[in-house]
file upload-v1.cif (mmCIF, N, CA and C atoms)
data_upload
loop_
_atom_site.group_PDB
_atom_site.id
_atom_site.type_symbol
_atom_site.label_atom_id
_atom_site.label_comp_id
_atom_site.auth_asym_id
_atom_site.auth_seq_id
_atom_site.Cartn_x
_atom_site.Cartn_y
_atom_site.Cartn_z
ATOM 1 N N MET A 730 1.320 -8.030 0.635
ATOM 2 C CA MET A 730 0.243 -7.108 0.403
ATOM 3 C C MET A 730 0.525 -5.828 1.177
ATOM 4 N N ILE A 731 0.229 -4.712 0.521
ATOM 5 C CA ILE A 731 0.349 -3.387 1.149
ATOM 6 C C ILE A 731 -0.977 -2.668 0.942
ATOM 7 N N LEU A 732 -1.509 -2.092 1.997
ATOM 8 C CA LEU A 732 -2.751 -1.315 1.917
ATOM 9 C C LEU A 732 -2.424 0.107 1.479
ATOM 10 N N ASP A 733 -3.163 0.623 0.506
ATOM 11 C CA ASP A 733 -2.954 1.976 0.011
ATOM 12 C C ASP A 733 -4.310 2.604 -0.254
ATOM 13 N N PRO A 734 -4.745 3.545 0.590
ATOM 14 C CA PRO A 734 -6.053 4.176 0.376
ATOM 15 C C PRO A 734 -6.078 5.104 -0.836
ATOM 16 N N GLY A 735 -4.938 5.337 -1.464
ATOM 17 C CA GLY A 735 -4.902 6.079 -2.715
ATOM 18 C C GLY A 735 -5.284 7.539 -2.600
ATOM 19 N N ILE A 736 -4.571 8.294 -1.785
ATOM 20 C CA ILE A 736 -4.904 9.709 -1.682
ATOM 21 C C ILE A 736 -4.576 10.400 -3.000
ATOM 22 N N GLY A 737 -5.416 11.341 -3.372
ATOM 23 C CA GLY A 737 -5.186 12.111 -4.577
ATOM 24 C C GLY A 737 -5.881 11.590 -5.816
ATOM 25 N N PHE A 738 -6.356 10.384 -5.798
ATOM 26 C CA PHE A 738 -6.989 9.801 -6.974
ATOM 27 C C PHE A 738 -8.471 10.140 -6.984
ATOM 28 N N SER A 739 -8.824 11.183 -7.728
ATOM 29 C CA SER A 739 -10.217 11.632 -7.867
ATOM 30 C C SER A 739 -10.858 11.950 -6.519
ATOM 31 N N LYS A 740 -10.057 12.455 -5.589
ATOM 32 C CA LYS A 740 -10.579 12.817 -4.275
ATOM 33 C C LYS A 740 -10.422 14.313 -4.067
ATOM 34 N N LYS A 741 -11.368 14.882 -3.353
ATOM 35 C CA LYS A 741 -11.285 16.293 -2.972
ATOM 36 C C LYS A 741 -10.341 16.433 -1.789
ATOM 37 N N THR A 742 -9.868 17.647 -1.583
ATOM 38 C CA THR A 742 -8.965 17.914 -0.458
ATOM 39 C C THR A 742 -9.570 17.461 0.859
ATOM 40 N N GLU A 743 -10.856 17.737 1.062
ATOM 41 C CA GLU A 743 -11.520 17.339 2.317
ATOM 42 C C GLU A 743 -11.493 15.827 2.497
ATOM 43 N N ASP A 744 -11.692 15.081 1.397
ATOM 44 C CA ASP A 744 -11.666 13.617 1.460
ATOM 45 C C ASP A 744 -10.276 13.118 1.837
ATOM 46 N N ILE A 745 -9.265 13.742 1.261
ATOM 47 C CA ILE A 745 -7.887 13.340 1.561
ATOM 48 C C ILE A 745 -7.555 13.614 3.024
ATOM 49 N N LEU A 746 -7.964 14.768 3.521
ATOM 50 C CA LEU A 746 -7.713 15.077 4.935
ATOM 51 C C LEU A 746 -8.421 14.085 5.847
ATOM 52 N N ASP A 747 -9.626 13.676 5.476
ATOM 53 C CA ASP A 747 -10.332 12.656 6.260
ATOM 54 C C ASP A 747 -9.544 11.354 6.302
ATOM 55 N N ILE A 748 -8.978 10.970 5.172
ATOM 56 C CA ILE A 748 -8.171 9.746 5.123
ATOM 57 C C ILE A 748 -6.934 9.898 6.002
ATOM 58 N N LEU A 749 -6.218 10.999 5.818
ATOM 59 C CA LEU A 749 -4.966 11.194 6.555
ATOM 60 C C LEU A 749 -5.187 11.233 8.058
ATOM 61 N N MET A 750 -6.261 11.849 8.491
ATOM 62 C CA MET A 750 -6.537 11.945 9.924
ATOM 63 C C MET A 750 -7.263 10.717 10.465
ATOM 64 N N GLY A 751 -7.692 9.822 9.590
ATOM 65 C CA GLY A 751 -8.453 8.659 10.026
ATOM 66 C C GLY A 751 -7.767 7.329 9.808
ATOM 67 N N LEU A 752 -6.441 7.321 9.728
ATOM 68 C CA LEU A 752 -5.727 6.073 9.429
ATOM 69 C C LEU A 752 -5.978 4.993 10.479
ATOM 70 N N LYS A 753 -6.007 5.362 11.747
ATOM 71 C CA LYS A 753 -6.257 4.362 12.797
ATOM 72 C C LYS A 753 -7.661 3.780 12.658
ATOM 73 N N ARG A 754 -8.619 4.627 12.333
ATOM 74 C CA ARG A 754 -9.998 4.156 12.137
ATOM 75 C C ARG A 754 -10.081 3.245 10.914
ATOM 76 N N ILE A 755 -9.395 3.608 9.846
ATOM 77 C CA ILE A 755 -9.394 2.787 8.628
ATOM 78 C C ILE A 755 -8.821 1.412 8.934
ATOM 79 N N ARG A 756 -7.691 1.387 9.637
ATOM 80 C CA ARG A 756 -7.081 0.086 9.970
ATOM 81 C C ARG A 756 -8.007 -0.723 10.875
ATOM 82 N N SER A 757 -8.675 -0.074 11.803
ATOM 83 C CA SER A 757 -9.609 -0.756 12.698
ATOM 84 C C SER A 757 -10.777 -1.363 11.920
ATOM 85 N N GLU A 758 -11.307 -0.606 10.982
ATOM 86 C CA GLU A 758 -12.420 -1.118 10.176
ATOM 87 C C GLU A 758 -11.988 -2.314 9.336
ATOM 88 N N ILE A 759 -10.788 -2.244 8.779
ATOM 89 C CA ILE A 759 -10.263 -3.373 8.004
ATOM 90 C C ILE A 759 -10.083 -4.579 8.916
ATOM 91 N N GLY A 760 -9.614 -4.334 10.159
ATOM 92 C CA GLY A 760 -9.394 -5.416 11.117
ATOM 93 C C GLY A 760 -10.659 -6.152 11.483
ATOM 94 N N ARG A 761 -11.786 -5.451 11.468
ATOM 95 C CA ARG A 761 -13.055 -6.124 11.771
ATOM 96 C C ARG A 761 -13.449 -7.100 10.657
ATOM 97 N N LYS A 762 -12.932 -6.875 9.466
ATOM 98 C CA LYS A 762 -13.282 -7.739 8.332
ATOM 99 C C LYS A 762 -12.249 -8.830 8.097
ATOM 100 N N SER A 763 -10.970 -8.521 8.390
ATOM 101 C CA SER A 763 -9.913 -9.494 8.141
ATOM 102 C C SER A 763 -8.711 -9.197 9.020
ATOM 103 N N LEU A 764 -8.458 -10.059 9.972
ATOM 104 C CA LEU A 764 -7.332 -9.873 10.868
ATOM 105 C C LEU A 764 -6.014 -9.868 10.093
ATOM 106 N N GLY A 765 -5.879 -10.764 9.130
ATOM 107 C CA GLY A 765 -4.645 -10.853 8.349
ATOM 108 C C GLY A 765 -4.371 -9.588 7.567
ATOM 109 N N VAL A 766 -5.373 -9.073 6.891
ATOM 110 C CA VAL A 766 -5.199 -7.861 6.092
ATOM 111 C C VAL A 766 -4.929 -6.667 6.992
ATOM 112 N N SER A 767 -5.499 -6.653 8.180
ATOM 113 C CA SER A 767 -5.313 -5.512 9.079
ATOM 114 C C SER A 767 -3.861 -5.369 9.527
ATOM 115 N N ARG A 768 -3.085 -6.433 9.384
ATOM 116 C CA ARG A 768 -1.676 -6.384 9.779
ATOM 117 C C ARG A 768 -0.754 -6.049 8.611
ATOM 118 N N ALA A 769 -1.316 -5.858 7.432
ATOM 119 C CA ALA A 769 -0.512 -5.491 6.260
ATOM 120 C C ALA A 769 0.002 -4.061 6.424
ATOM 121 N N PRO A 770 1.179 -3.782 5.875
ATOM 122 C CA PRO A 770 1.696 -2.409 5.949
ATOM 123 C C PRO A 770 0.739 -1.431 5.262
ATOM 124 N N LEU A 771 0.716 -0.212 5.778
ATOM 125 C CA LEU A 771 -0.145 0.840 5.244
ATOM 126 C C LEU A 771 0.732 1.878 4.552
ATOM 127 N N LEU A 772 0.503 2.078 3.258
ATOM 128 C CA LEU A 772 1.267 3.004 2.434
ATOM 129 C C LEU A 772 0.475 4.278 2.210
ATOM 130 N N ILE A 773 1.140 5.416 2.400
ATOM 131 C CA ILE A 773 0.555 6.708 2.061
ATOM 132 C C ILE A 773 1.575 7.451 1.200
ATOM 133 N N GLY A 774 1.107 8.009 0.095
ATOM 134 C CA GLY A 774 1.987 8.739 -0.814
ATOM 135 C C GLY A 774 1.554 10.182 -0.987
ATOM 136 N N PRO A 775 1.836 11.048 0.009
ATOM 137 C CA PRO A 775 1.369 12.431 -0.077
ATOM 138 C C PRO A 775 2.281 13.359 -0.871
ATOM 139 N N SER A 776 3.400 12.859 -1.339
ATOM 140 C CA SER A 776 4.450 13.703 -1.871
ATOM 141 C C SER A 776 3.993 14.637 -2.993
ATOM 142 N N ARG A 777 4.091 15.927 -2.713
ATOM 143 C CA ARG A 777 3.853 16.994 -3.689
ATOM 144 C C ARG A 777 2.454 16.976 -4.306
ATOM 145 N N LYS A 778 1.522 16.336 -3.648
ATOM 146 C CA LYS A 778 0.174 16.203 -4.203
ATOM 147 C C LYS A 778 -0.556 17.537 -4.268
ATOM 148 N N ARG A 779 -1.517 17.602 -5.157
ATOM 149 C CA ARG A 779 -2.299 18.815 -5.399
ATOM 150 C C ARG A 779 -2.955 19.348 -4.123
ATOM 151 N N PHE A 780 -3.453 18.468 -3.259
ATOM 152 C CA PHE A 780 -4.111 18.942 -2.039
ATOM 153 C C PHE A 780 -3.162 19.783 -1.194
ATOM 154 N N LEU A 781 -1.869 19.452 -1.204
ATOM 155 C CA LEU A 781 -0.884 20.258 -0.473
ATOM 156 C C LEU A 781 -0.776 21.647 -1.087
ATOM 157 N N GLY A 782 -0.803 21.703 -2.405
ATOM 158 C CA GLY A 782 -0.759 22.992 -3.084
ATOM 159 C C GLY A 782 -1.976 23.833 -2.792
ATOM 160 N N GLU A 783 -3.135 23.182 -2.731
ATOM 161 C CA GLU A 783 -4.369 23.918 -2.434
ATOM 162 C C GLU A 783 -4.345 24.486 -1.016
ATOM 163 N N ILE A 784 -3.897 23.693 -0.076
ATOM 164 C CA ILE A 784 -3.870 24.131 1.321
ATOM 165 C C ILE A 784 -2.782 25.178 1.558
ATOM 166 N N CYS A 785 -1.604 24.957 0.997
ATOM 167 C CA CYS A 785 -0.455 25.816 1.271
ATOM 168 C C CYS A 785 -0.288 26.957 0.265
ATOM 169 N N GLY A 786 -1.116 26.981 -0.766
ATOM 170 C CA GLY A 786 -0.996 28.030 -1.769
ATOM 171 C C GLY A 786 0.230 27.879 -2.655
ATOM 172 N N ARG A 787 0.564 26.641 -2.994
ATOM 173 C CA ARG A 787 1.734 26.355 -3.842
ATOM 174 C C ARG A 787 1.260 25.758 -5.159
ATOM 175 N N ASP A 788 1.410 26.520 -6.230
ATOM 176 C CA ASP A 788 0.923 26.078 -7.539
ATOM 177 C C ASP A 788 1.773 24.980 -8.163
ATOM 178 N N PHE A 789 3.074 24.996 -7.900
ATOM 179 C CA PHE A 789 3.983 24.061 -8.551
ATOM 180 C C PHE A 789 4.371 22.931 -7.596
ATOM 181 N N ALA A 790 4.364 21.718 -8.121
ATOM 182 C CA ALA A 790 4.627 20.540 -7.293
ATOM 183 C C ALA A 790 5.959 20.640 -6.553
ATOM 184 N N VAL A 791 6.984 21.141 -7.206
ATOM 185 C CA VAL A 791 8.308 21.215 -6.592
ATOM 186 C C VAL A 791 8.328 22.136 -5.370
ATOM 187 N N GLU A 792 7.325 22.997 -5.232
ATOM 188 C CA GLU A 792 7.239 23.904 -4.084
ATOM 189 C C GLU A 792 6.544 23.270 -2.878
ATOM 190 N N ARG A 793 6.146 22.030 -2.976
ATOM 191 C CA ARG A 793 5.319 21.398 -1.948
ATOM 192 C C ARG A 793 6.084 20.463 -1.010
ATOM 193 N N ASP A 794 7.409 20.546 -1.008
ATOM 194 C CA ASP A 794 8.188 19.634 -0.172
ATOM 195 C C ASP A 794 7.944 19.842 1.317
ATOM 196 N N LEU A 795 7.815 21.091 1.768
ATOM 197 C CA LEU A 795 7.556 21.311 3.199
ATOM 198 C C LEU A 795 6.171 20.793 3.591
ATOM 199 N N GLY A 796 5.194 20.963 2.723
ATOM 200 C CA GLY A 796 3.877 20.391 2.977
ATOM 201 C C GLY A 796 3.938 18.875 3.036
ATOM 202 N N THR A 797 4.773 18.297 2.169
ATOM 203 C CA THR A 797 4.964 16.841 2.177
ATOM 204 C C THR A 797 5.555 16.393 3.507
ATOM 205 N N VAL A 798 6.562 17.113 4.000
ATOM 206 C CA VAL A 798 7.186 16.771 5.284
ATOM 207 C C VAL A 798 6.145 16.791 6.400
ATOM 208 N N ALA A 799 5.289 17.807 6.401
ATOM 209 C CA ALA A 799 4.242 17.883 7.425
ATOM 210 C C ALA A 799 3.267 16.715 7.299
ATOM 211 N N ALA A 800 2.866 16.399 6.069
ATOM 212 C CA ALA A 800 1.929 15.292 5.850
ATOM 213 C C ALA A 800 2.550 13.961 6.265
ATOM 214 N N VAL A 801 3.818 13.756 5.930
ATOM 215 C CA VAL A 801 4.499 12.512 6.302
ATOM 216 C C VAL A 801 4.558 12.377 7.817
ATOM 217 N N THR A 802 4.841 13.473 8.514
ATOM 218 C CA THR A 802 4.853 13.435 9.976
ATOM 219 C C THR A 802 3.505 12.954 10.503
ATOM 220 N N CYS A 803 2.436 13.538 9.982
ATOM 221 C CA CYS A 803 1.088 13.166 10.440
ATOM 222 C C CYS A 803 0.773 11.705 10.164
ATOM 223 N N VAL A 804 1.088 11.237 8.962
ATOM 224 C CA VAL A 804 0.687 9.863 8.631
ATOM 225 C C VAL A 804 1.530 8.827 9.359
ATOM 226 N N VAL A 805 2.805 9.123 9.581
ATOM 227 C CA VAL A 805 3.625 8.171 10.340
ATOM 228 C C VAL A 805 3.130 8.108 11.783
ATOM 229 N N LEU A 806 2.864 9.261 12.378
ATOM 230 C CA LEU A 806 2.327 9.267 13.742
ATOM 231 C C LEU A 806 0.926 8.651 13.794
ATOM 232 N N GLY A 807 0.218 8.692 12.653
ATOM 233 C CA GLY A 807 -1.121 8.118 12.575
ATOM 234 C C GLY A 807 -1.150 6.636 12.250
ATOM 235 N N GLY A 808 0.012 6.039 11.966
ATOM 236 C CA GLY A 808 0.050 4.596 11.771
ATOM 237 C C GLY A 808 0.523 4.101 10.422
ATOM 238 N N SER A 809 0.918 4.982 9.520
ATOM 239 C CA SER A 809 1.427 4.526 8.229
ATOM 240 C C SER A 809 2.799 3.893 8.415
ATOM 241 N N ASN A 810 3.017 2.764 7.758
ATOM 242 C CA ASN A 810 4.293 2.059 7.842
ATOM 243 C C ASN A 810 5.222 2.392 6.687
ATOM 244 N N VAL A 811 4.639 2.849 5.575
ATOM 245 C CA VAL A 811 5.403 3.108 4.354
ATOM 246 C C VAL A 811 4.931 4.446 3.787
ATOM 247 N N VAL A 812 5.880 5.283 3.379
ATOM 248 C CA VAL A 812 5.529 6.536 2.714
ATOM 249 C C VAL A 812 6.247 6.594 1.370
ATOM 250 N N ARG A 813 5.565 7.198 0.404
ATOM 251 C CA ARG A 813 6.173 7.400 -0.911
ATOM 252 C C ARG A 813 6.390 8.897 -1.072
ATOM 253 N N VAL A 814 7.660 9.284 -1.308
ATOM 254 C CA VAL A 814 8.013 10.700 -1.392
ATOM 255 C C VAL A 814 9.029 10.938 -2.509
ATOM 256 N N HIS A 815 9.146 12.195 -2.904
ATOM 257 C CA HIS A 815 10.163 12.588 -3.872
ATOM 258 C C HIS A 815 11.452 13.013 -3.159
ATOM 259 N N ASN A 816 11.328 13.830 -2.123
ATOM 260 C CA ASN A 816 12.464 14.356 -1.381
ATOM 261 C C ASN A 816 12.790 13.392 -0.239
ATOM 262 N N VAL A 817 13.584 12.390 -0.550
ATOM 263 C CA VAL A 817 13.836 11.308 0.398
ATOM 264 C C VAL A 817 14.600 11.793 1.632
ATOM 265 N N GLY A 818 15.594 12.646 1.456
ATOM 266 C CA GLY A 818 16.435 13.071 2.578
ATOM 267 C C GLY A 818 15.654 13.710 3.708
ATOM 268 N N ASP A 819 14.893 14.749 3.394
ATOM 269 C CA ASP A 819 14.130 15.440 4.437
ATOM 270 C C ASP A 819 13.103 14.526 5.081
ATOM 271 N N ASN A 820 12.451 13.714 4.286
ATOM 272 C CA ASN A 820 11.407 12.845 4.826
ATOM 273 C C ASN A 820 11.987 11.682 5.608
ATOM 274 N N ALA A 821 13.185 11.235 5.268
ATOM 275 C CA ALA A 821 13.852 10.206 6.070
ATOM 276 C C ALA A 821 14.121 10.739 7.477
ATOM 277 N N ASP A 822 14.517 12.009 7.564
ATOM 278 C CA ASP A 822 14.736 12.621 8.880
ATOM 279 C C ASP A 822 13.442 12.655 9.686
ATOM 280 N N VAL A 823 12.345 12.984 9.029
ATOM 281 C CA VAL A 823 11.043 13.029 9.709
ATOM 282 C C VAL A 823 10.678 11.649 10.250
ATOM 283 N N VAL A 824 10.863 10.627 9.424
ATOM 284 C CA VAL A 824 10.527 9.266 9.851
ATOM 285 C C VAL A 824 11.418 8.838 11.019
ATOM 286 N N LYS A 825 12.690 9.197 10.973
ATOM 287 C CA LYS A 825 13.590 8.874 12.089
ATOM 288 C C LYS A 825 13.121 9.547 13.378
ATOM 289 N N LEU A 826 12.716 10.806 13.272
ATOM 290 C CA LEU A 826 12.221 11.520 14.445
ATOM 291 C C LEU A 826 10.955 10.862 14.995
ATOM 292 N N CYS A 827 10.032 10.521 14.107
ATOM 293 C CA CYS A 827 8.800 9.851 14.545
ATOM 294 C C CYS A 827 9.112 8.518 15.210
ATOM 295 N N ASP A 828 10.038 7.748 14.625
ATOM 296 C CA ASP A 828 10.432 6.474 15.227
ATOM 297 C C ASP A 828 11.014 6.689 16.623
ATOM 298 N N ALA A 829 11.837 7.727 16.778
ATOM 299 C CA ALA A 829 12.424 8.019 18.085
ATOM 300 C C ALA A 829 11.336 8.359 19.096
ATOM 301 N N MET A 830 10.313 9.092 18.644
ATOM 302 C CA MET A 830 9.215 9.434 19.539
ATOM 303 C C MET A 830 8.444 8.183 19.968
ATOM 304 N N PHE A 831 8.239 7.251 19.020
ATOM 305 C CA PHE A 831 7.534 6.013 19.347
ATOM 306 C C PHE A 831 8.327 5.137 20.292
ATOM 307 N N ASP A 832 9.672 5.232 20.219
ATOM 308 C CA ASP A 832 10.536 4.403 21.055
ATOM 309 C C ASP A 832 10.593 4.873 22.504
ATOM 310 N N ARG A 833 10.053 6.026 22.824
ATOM 311 C CA ARG A 833 10.109 6.578 24.184
ATOM 312 C C ARG A 833 9.155 5.860 25.102
#

call {"tool": "encode", "arguments": {"input": "upload-v1.cif", "output": "structure tokens"}}
result
Amino acid sequence: MILDPGIGFSKKTEDILDILMGLKRIRSEIGRKSLGVSRAPLLIGPSRKRFLGEICGRDFAVERDLGTVAAVTCVVLGGSNVVRVHNVGDNADVVKLCDAMFDR
């Protein structure tokens, strides 16, 4: 089982930002209901999503890779175990950096 709060699916930008900044709270709330489920990996798929275009002023999805890198950094530092992205190379570097920071 993988937990996926489903960012971008009929959600406003403000709702998505609440999810992205509240991952630890979301996992905590799930943990109060089910210890087993609370240990499931947490997936976030921010890649090239519309909310990035709205915030960064990028109309075309292909222009949103830098916004994706920033979002991936935030969600990994916030507790996401799995990310779904289009630009794997740049985001793999971000995840490696975040892992190195956690290892300190």

call {"tool": "select_by_dssp", "arguments": {"input": "upload-v1.cif", "residues": "chain A", "states": "alpha helix (DSSP H)", "output": "JSON, numbers by chain"}}
result
{"A": [742, 743, 744, 745, 746, 747, 748, 749, 750, 752, 753, 754, 755, 756, 757, 758, 759, 760, 761, 762, 764, 765, 766, 767, 779, 780, 781, 782, 783, 784, 785, 794, 795, 796, 797, 798, 799, 800, 801, 802, 803, 804, 805, 806, 817, 818, 819, 820, 821, 822, 823, 824, 825, 826, 827, 828, 829, 830, 831]}

call {"tool": "closest_residue", "arguments": {"input": "upload-v1.cif", "among": "A:Met750, A:Leu771, A:Leu764, A:Ile759", "to": "Pro734 in chain A", "atoms": "only N, CA and C atoms"}}
result
A:Leu771

call {"tool": "resolve_selection", "arguments": {"input": "upload-v1.cif", "expression": "the PyMOL selection byres (((chain A and resi 820-825 and name CA) around 9) and name CA)", "output": "PyMOL selection string"}}
result
chain A and resi 797-799+801-802+805+812+814-819+826-830

call {"tool": "atom_distance", "arguments": {"input": "upload-v1.cif", "atom1": "atom C of Arg813 in chain A", "atom2": "CA of Gly774 in chain A"}}
result
4.4 Å

call {"tool": "resolve_selection", "arguments": {"input": "upload-v1.cif", "expression": "the PyMOL selection byres ((chain A and resi 809) around 7)", "output": "count of residues only"}}
result
14

call {"tool": "closest_residue", "arguments": {"input": "upload-v1.cif", "among": "A:Phe780, A:Gly796, A:Arg754, A:Cys785", "to": "Lys741 in chain A", "atoms": "all atoms listed in the file"}}
result
A:Phe780

call {"tool": "atom_distance", "arguments": {"input": "upload-v1.cif", "atom1": "CA of Arg756 in chain A", "atom2": "atom C of Ser776 in chain A"}}
result
22.4 Å

call {"tool": "residues_near_point", "arguments": {"input": "upload-v1.cif", "point": "(-11.3, 19.2, -0.8)", "cutoff": "12 Å", "atoms": "only C-alpha atoms", "output": "list in words"}}
result
Ile736, Gly737, Ser739, Lys740, Lys741, Thr742, Glu743, Asp744, Ile745, Leu746, Asp747, Ile748, Arg779, Phe780, Leu781, Gly782, Glu783 and Ile784 of chain A

call {"tool": "atom_distance", "arguments": {"input": "upload-v1.cif", "atom1": "CA of Met730 in chain A", "atom2": "CA of Gly751 in chain A"}}
result
20.4 Å

call {"tool": "select_by_dssp", "arguments": {"input": "upload-v1.cif", "residues": "chain A", "states": "strand (DSSP E or B)", "output": "ChimeraX atom specification"}}
result
/A:732,771-773,811-812

call {"tool": "axis_aligned_box", "arguments": {"input": "upload-v1.cif", "around": "range 771-784 of chain A", "padding_each_side": "3 Å", "output": "AutoDock Vina command-line options"}}
result
--center_x 0.0 --center_y 12.5 --center_z 0.2 --size_x 14.8 --size_y 31.4 --size_z 17.2
